[in-house]
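K.L.:
Next up is a structure, given as structure tokens.
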Amino acid sequence: MSRDLRIQSCYALLLTALLAASTVLVRQIDRARADEPLQEVLYIPSPKVVQRMSLGYSGLIADIYWTRVVQYFGTKHKAQAKQYLLLEPLLEMTTTLDPQLLPAYEFGSVFLAQKPPEGAGSPQGAARLVEKGIRENPASWRLYYDLGYIYWLELKDPAKAADAFERGSHVAGAHPWMRVMAAALTAHAGETETATYMWTNILNSTEDANLRTNAVNRLRCLRVDSEVKILQERTERYAKEAGRPPANWAEMISSGWLRRTPTDPKNNPYLLVNGRVQVSRPELFPFITRGLPADRAATDLPGAGGYAQTKAE
């Protein structure tokens, strides 16, 4: 046996012994109470150190660490723990050892994002993990999909969610709904012009009948939002000059503020109620955010009607 082979064999035996010892230690720690500080210690905190110790078997070690992540999460979740302090560093270790281990990003981000005791309550950490996954696996459109949902549902940031869905929609094989969600969330973020541009592109670039119908519907709703905003601004300017809100559209027409009675895309006249512009038949425009009756909430919120309706169309 050559000297190099003997050295490699010694390192392999040492690595095996260390892994066996660490397994025993982990089991002993897991028996401790869920909130015991001793449990929240990462004994080898550096992925680089582990990579050097792996002797070229970093993929195998990553699988072991991923198994440890699942075990750690399961144990803490069963104990209804309020803290998951090791979860993020364990996921960092796993994905550094094997950057192409997609389940670690997809499921790990769920473990991180959920509120305690269902998870670590760290949506920011979940977003960081998935962004890392995207950098390492730019051809995986599902990671963009996961990132979009983290920003949308957990971080309540529709603009960043829209950006994630839009970036992912350009990846080969991406689901068409990536573009739908990007456009819907952009509209919710208040960027009406951008949303109109995106929905117009969807309309002009797809042969799918359902998508085309949905795009037309969305564009009509965006038009209503835009028109109501302009009409409301003019109504408020009229009220400021006249000292009172206009009683009807005829007053504004006779004063030169409008040329004719304004109508929506379905040719129904807009209403003027106590100086407030309203859509006469809002049921025809399920995604509008302006012009709704005072006692109704906006429905263009994915998860509160908008996305569910989009998926069903």
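By order in the structure tokens, chains are A, B, ...; within a chain, residues start at 1; ligands start at 1, following the order shown.
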If you count only C-alpha atoms, which residues fall within 9 Å of range 270-286 of chain A, apart from same-chain ones fewer than 2 positions away, as a PyMOL selection string?
P.N.:
chain A and resi 217-218+220-221+224+228-229+231-232+235-236+239+244-249+261-264+266+268+288-294+298-300+305-306+309
K.L.:
Can I get the selection written as a JSON list (two decimals), in the first residue's frame, with N, CA and C atoms?
P.N.:
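Final output, saved to again-v9.json:
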```json
[["chain", "number", "residue", "atom", "x", "y", "z"],
["A", 217, "ASN", "N", -59.70, 40.62, -18.98],
["A", 217, "ASN", "CA", -60.42, 41.01, -17.77],
["A", 217, "ASN", "C", -59.55, 41.88, -16.87],
["A", 218, "ARG", "N", -58.31, 41.47, -16.71],
["A", 218, "ARG", "CA", -57.39, 42.24, -15.87],
["A", 218, "ARG", "C", -57.14, 43.63, -16.45],
["A", 220, "ARG", "N", -59.11, 45.39, -18.30],
["A", 220, "ARG", "CA", -60.31, 46.20, -18.07],
["A", 220, "ARG", "C", -60.33, 46.74, -16.63],
["A", 221, "CYS", "N", -59.98, 45.86, -15.69],
["A", 221, "CYS", "CA", -59.97, 46.29, -14.29],
["A", 221, "CYS", "C", -58.91, 47.37, -14.05],
["A", 224, "VAL", "N", -60.28, 50.59, -15.27],
["A", 224, "VAL", "CA", -61.23, 51.15, -14.31],
["A", 224, "VAL", "C", -60.49, 51.85, -13.18],
["A", 228, "VAL", "N", -61.04, 55.78, -12.49],
["A", 228, "VAL", "CA", -61.61, 56.23, -11.22],
["A", 228, "VAL", "C", -60.65, 57.19, -10.52],
["A", 229, "LYS", "N", -59.37, 56.89, -10.57],
["A", 229, "LYS", "CA", -58.38, 57.78, -9.95],
["A", 229, "LYS", "C", -58.44, 59.17, -10.57],
["A", 231, "LEU", "N", -60.93, 60.56, -12.33],
["A", 231, "LEU", "CA", -62.22, 61.20, -12.05],
["A", 231, "LEU", "C", -62.29, 61.70, -10.61],
["A", 232, "GLN", "N", -61.74, 60.93, -9.67],
["A", 232, "GLN", "CA", -61.76, 61.35, -8.27],
["A", 232, "GLN", "C", -60.93, 62.60, -8.07],
["A", 235, "THR", "N", -62.91, 65.50, -9.42],
["A", 235, "THR", "CA", -64.03, 65.79, -8.53],
["A", 235, "THR", "C", -63.56, 66.58, -7.30],
["A", 236, "GLU", "N", -62.43, 66.20, -6.75],
["A", 236, "GLU", "CA", -61.90, 66.89, -5.58],
["A", 236, "GLU", "C", -61.44, 68.31, -5.93],
["A", 239, "ALA", "N", -64.58, 70.36, -6.15],
["A", 239, "ALA", "CA", -65.11, 70.66, -4.81],
["A", 239, "ALA", "C", -64.30, 71.76, -4.13],
["A", 244, "ARG", "N", -67.93, 72.89, -2.44],
["A", 244, "ARG", "CA", -68.79, 71.75, -2.12],
["A", 244, "ARG", "C", -68.58, 70.68, -3.20],
["A", 245, "PRO", "N", -68.87, 69.43, -2.88],
["A", 245, "PRO", "CA", -68.76, 68.38, -3.91],
["A", 245, "PRO", "C", -69.83, 68.56, -4.98],
["A", 246, "PRO", "N", -69.57, 68.12, -6.20],
["A", 246, "PRO", "CA", -70.60, 68.20, -7.25],
["A", 246, "PRO", "C", -71.76, 67.26, -6.94],
["A", 247, "ALA", "N", -72.97, 67.70, -7.26],
["A", 247, "ALA", "CA", -74.14, 66.86, -7.02],
["A", 247, "ALA", "C", -74.25, 65.74, -8.04],
["A", 248, "ASN", "N", -73.76, 65.99, -9.26],
["A", 248, "ASN", "CA", -73.83, 64.99, -10.32],
["A", 248, "ASN", "C", -72.82, 65.34, -11.40],
["A", 249, "TRP", "N", -72.74, 64.47, -12.41],
["A", 249, "TRP", "CA", -71.79, 64.70, -13.50],
["A", 249, "TRP", "C", -72.18, 65.92, -14.33],
["A", 261, "THR", "N", -70.68, 62.34, -19.71],
["A", 261, "THR", "CA", -70.80, 61.44, -18.57],
["A", 261, "THR", "C", -69.81, 60.28, -18.72],
["A", 262, "PRO", "N", -68.94, 60.09, -17.75],
["A", 262, "PRO", "CA", -67.92, 59.03, -17.89],
["A", 262, "PRO", "C", -68.53, 57.64, -17.73],
["A", 263, "THR", "N", -68.05, 56.71, -18.54],
["A", 263, "THR", "CA", -68.53, 55.33, -18.49],
["A", 263, "THR", "C", -67.37, 54.37, -18.35],
["A", 264, "ASP", "N", -67.66, 53.19, -17.80],
["A", 264, "ASP", "CA", -66.63, 52.17, -17.62],
["A", 264, "ASP", "C", -66.44, 51.38, -18.92],
["A", 266, "LYS", "N", -67.47, 48.66, -19.83],
["A", 266, "LYS", "CA", -68.69, 47.96, -20.24],
["A", 266, "LYS", "C", -69.81, 48.95, -20.59],
["A", 268, "ASN", "N", -71.16, 51.23, -18.77],
["A", 268, "ASN", "CA", -72.02, 51.64, -17.67],
["A", 268, "ASN", "C", -71.49, 52.94, -17.08],
["A", 288, "ILE", "N", -60.81, 45.09, -9.40],
["A", 288, "ILE", "CA", -60.58, 46.52, -9.20],
["A", 288, "ILE", "C", -60.25, 46.80, -7.74],
["A", 289, "THR", "N", -59.50, 47.86, -7.51],
["A", 289, "THR", "CA", -59.16, 48.30, -6.16],
["A", 289, "THR", "C", -59.71, 49.70, -5.89],
["A", 290, "ARG", "N", -60.25, 50.36, -6.90],
["A", 290, "ARG", "CA", -60.82, 51.70, -6.75],
["A", 290, "ARG", "C", -62.27, 51.69, -7.21],
["A", 291, "GLY", "N", -63.04, 52.66, -6.70],
["A", 291, "GLY", "CA", -64.41, 52.80, -7.14],
["A", 291, "GLY", "C", -65.39, 51.82, -6.54],
["A", 292, "LEU", "N", -64.96, 51.08, -5.53],
["A", 292, "LEU", "CA", -65.85, 50.14, -4.87],
["A", 292, "LEU", "C", -66.77, 50.87, -3.89],
["A", 293, "PRO", "N", -67.95, 50.33, -3.63],
["A", 293, "PRO", "CA", -68.80, 50.92, -2.59],
["A", 293, "PRO", "C", -68.06, 51.01, -1.27],
["A", 294, "ALA", "N", -68.41, 51.98, -0.47],
["A", 294, "ALA", "CA", -67.68, 52.25, 0.77],
["A", 294, "ALA", "C", -67.68, 51.06, 1.72],
["A", 298, "ALA", "N", -61.41, 45.90, -1.12],
["A", 298, "ALA", "CA", -60.82, 45.58, -2.42],
["A", 298, "ALA", "C", -60.60, 44.09, -2.53],
["A", 299, "THR", "N", -60.85, 43.55, -3.73],
["A", 299, "THR", "CA", -60.70, 42.10, -3.93],
["A", 299, "THR", "C", -59.44, 41.74, -4.68],
["A", 300, "ASP", "N", -58.67, 42.68, -5.13],
["A", 300, "ASP", "CA", -57.49, 42.35, -5.91],
["A", 300, "ASP", "C", -56.32, 42.02, -4.99],
["A", 305, "GLY", "N", -59.04, 36.28, -2.89],
["A", 305, "GLY", "CA", -59.99, 36.30, -4.00],
["A", 305, "GLY", "C", -59.31, 36.42, -5.32],
["A", 306, "GLY", "N", -58.32, 37.32, -5.43],
["A", 306, "GLY", "CA", -57.70, 37.58, -6.72],
["A", 306, "GLY", "C", -57.00, 36.36, -7.30],
["A", 309, "GLN", "N", -59.38, 33.36, -7.96],
["A", 309, "GLN", "CA", -60.19, 33.53, -9.15],
["A", 309, "GLN", "C", -59.34, 33.38, -10.41]]
```
K.L.:
Would you pick out the contacts of range 72-74 of chain A at 8 Å or less, using only C-alpha atoms, so that residues sharing its chain but fewer than 5 positions from it are not included, and give the list as a short mmCIF file (atom, residue, chain, number, x, y, z; two decimals) with N, CA and C atoms, in the first residue's frame?
P.N.:
```
data_model
loop_
_atom_site.label_atom_id
_atom_site.label_comp_id
_atom_site.auth_asym_id
_atom_site.auth_seq_id
_atom_site.Cartn_x
_atom_site.Cartn_y
_atom_site.Cartn_z
N TYR A 84 -35.75 27.80 16.91
CA TYR A 84 -35.08 26.83 16.03
C TYR A 84 -33.72 27.43 15.66
N LEU A 87 -31.48 25.85 12.88
CA LEU A 87 -32.04 25.52 11.58
C LEU A 87 -31.34 26.25 10.44
N PHE A 111 -39.53 25.48 6.32
CA PHE A 111 -39.21 25.32 7.73
C PHE A 111 -38.86 26.66 8.36
N GLY A 119 -42.55 26.64 12.74
CA GLY A 119 -41.26 26.82 12.09
C GLY A 119 -40.43 27.85 12.83
#
```
K.L.:
Excluding Pro123 in chain A and residues on its chain fewer than 4 positions from it, collect all residues at most 8 Å away from it, counting only C-alpha atoms, and give them as a list of chain:residue names.
P.N.:
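Returned residues: A:Ser109, A:Leu112, A:Ala113, A:Gln114, A:Ala127, A:Ile150, A:Glu154, A:Leu155.
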K.L.:
Skipping near chain neighbours, those fewer than 4 positions away, what residues fall within 8 Å of Asp63 in chain A using only C-alpha atoms, listed as a count of residues only?
P.N.:
3
K.L.:
Could you tell me which of A:Thr186, A:Gln71, A:Gln124, A:Asn210 comes closest to Phe165 in chain A if we count only C-alpha atoms?
P.N.:
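Result for the nearest residue to Phe165 in chain A: A:Thr186.
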K.L.:
Which of these, A:Ala81, A:Ala161, A:Leu203, A:Leu143, has the shortest distance to Tyr105 in chain A once you count only C-alpha atoms?
P.N.:
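Selected residue with least distance to Tyr105 in chain A: A:Leu143.
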K.L.:
Quick check, in Å to one decimal: how far apart do CA of Ala159 in chain A and CA of Val130 in chain A lie?
P.N.:
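Spanning CA of Ala159 in chain A to CA of Val130 in chain A is a straight-line distance of 17.1 Å.
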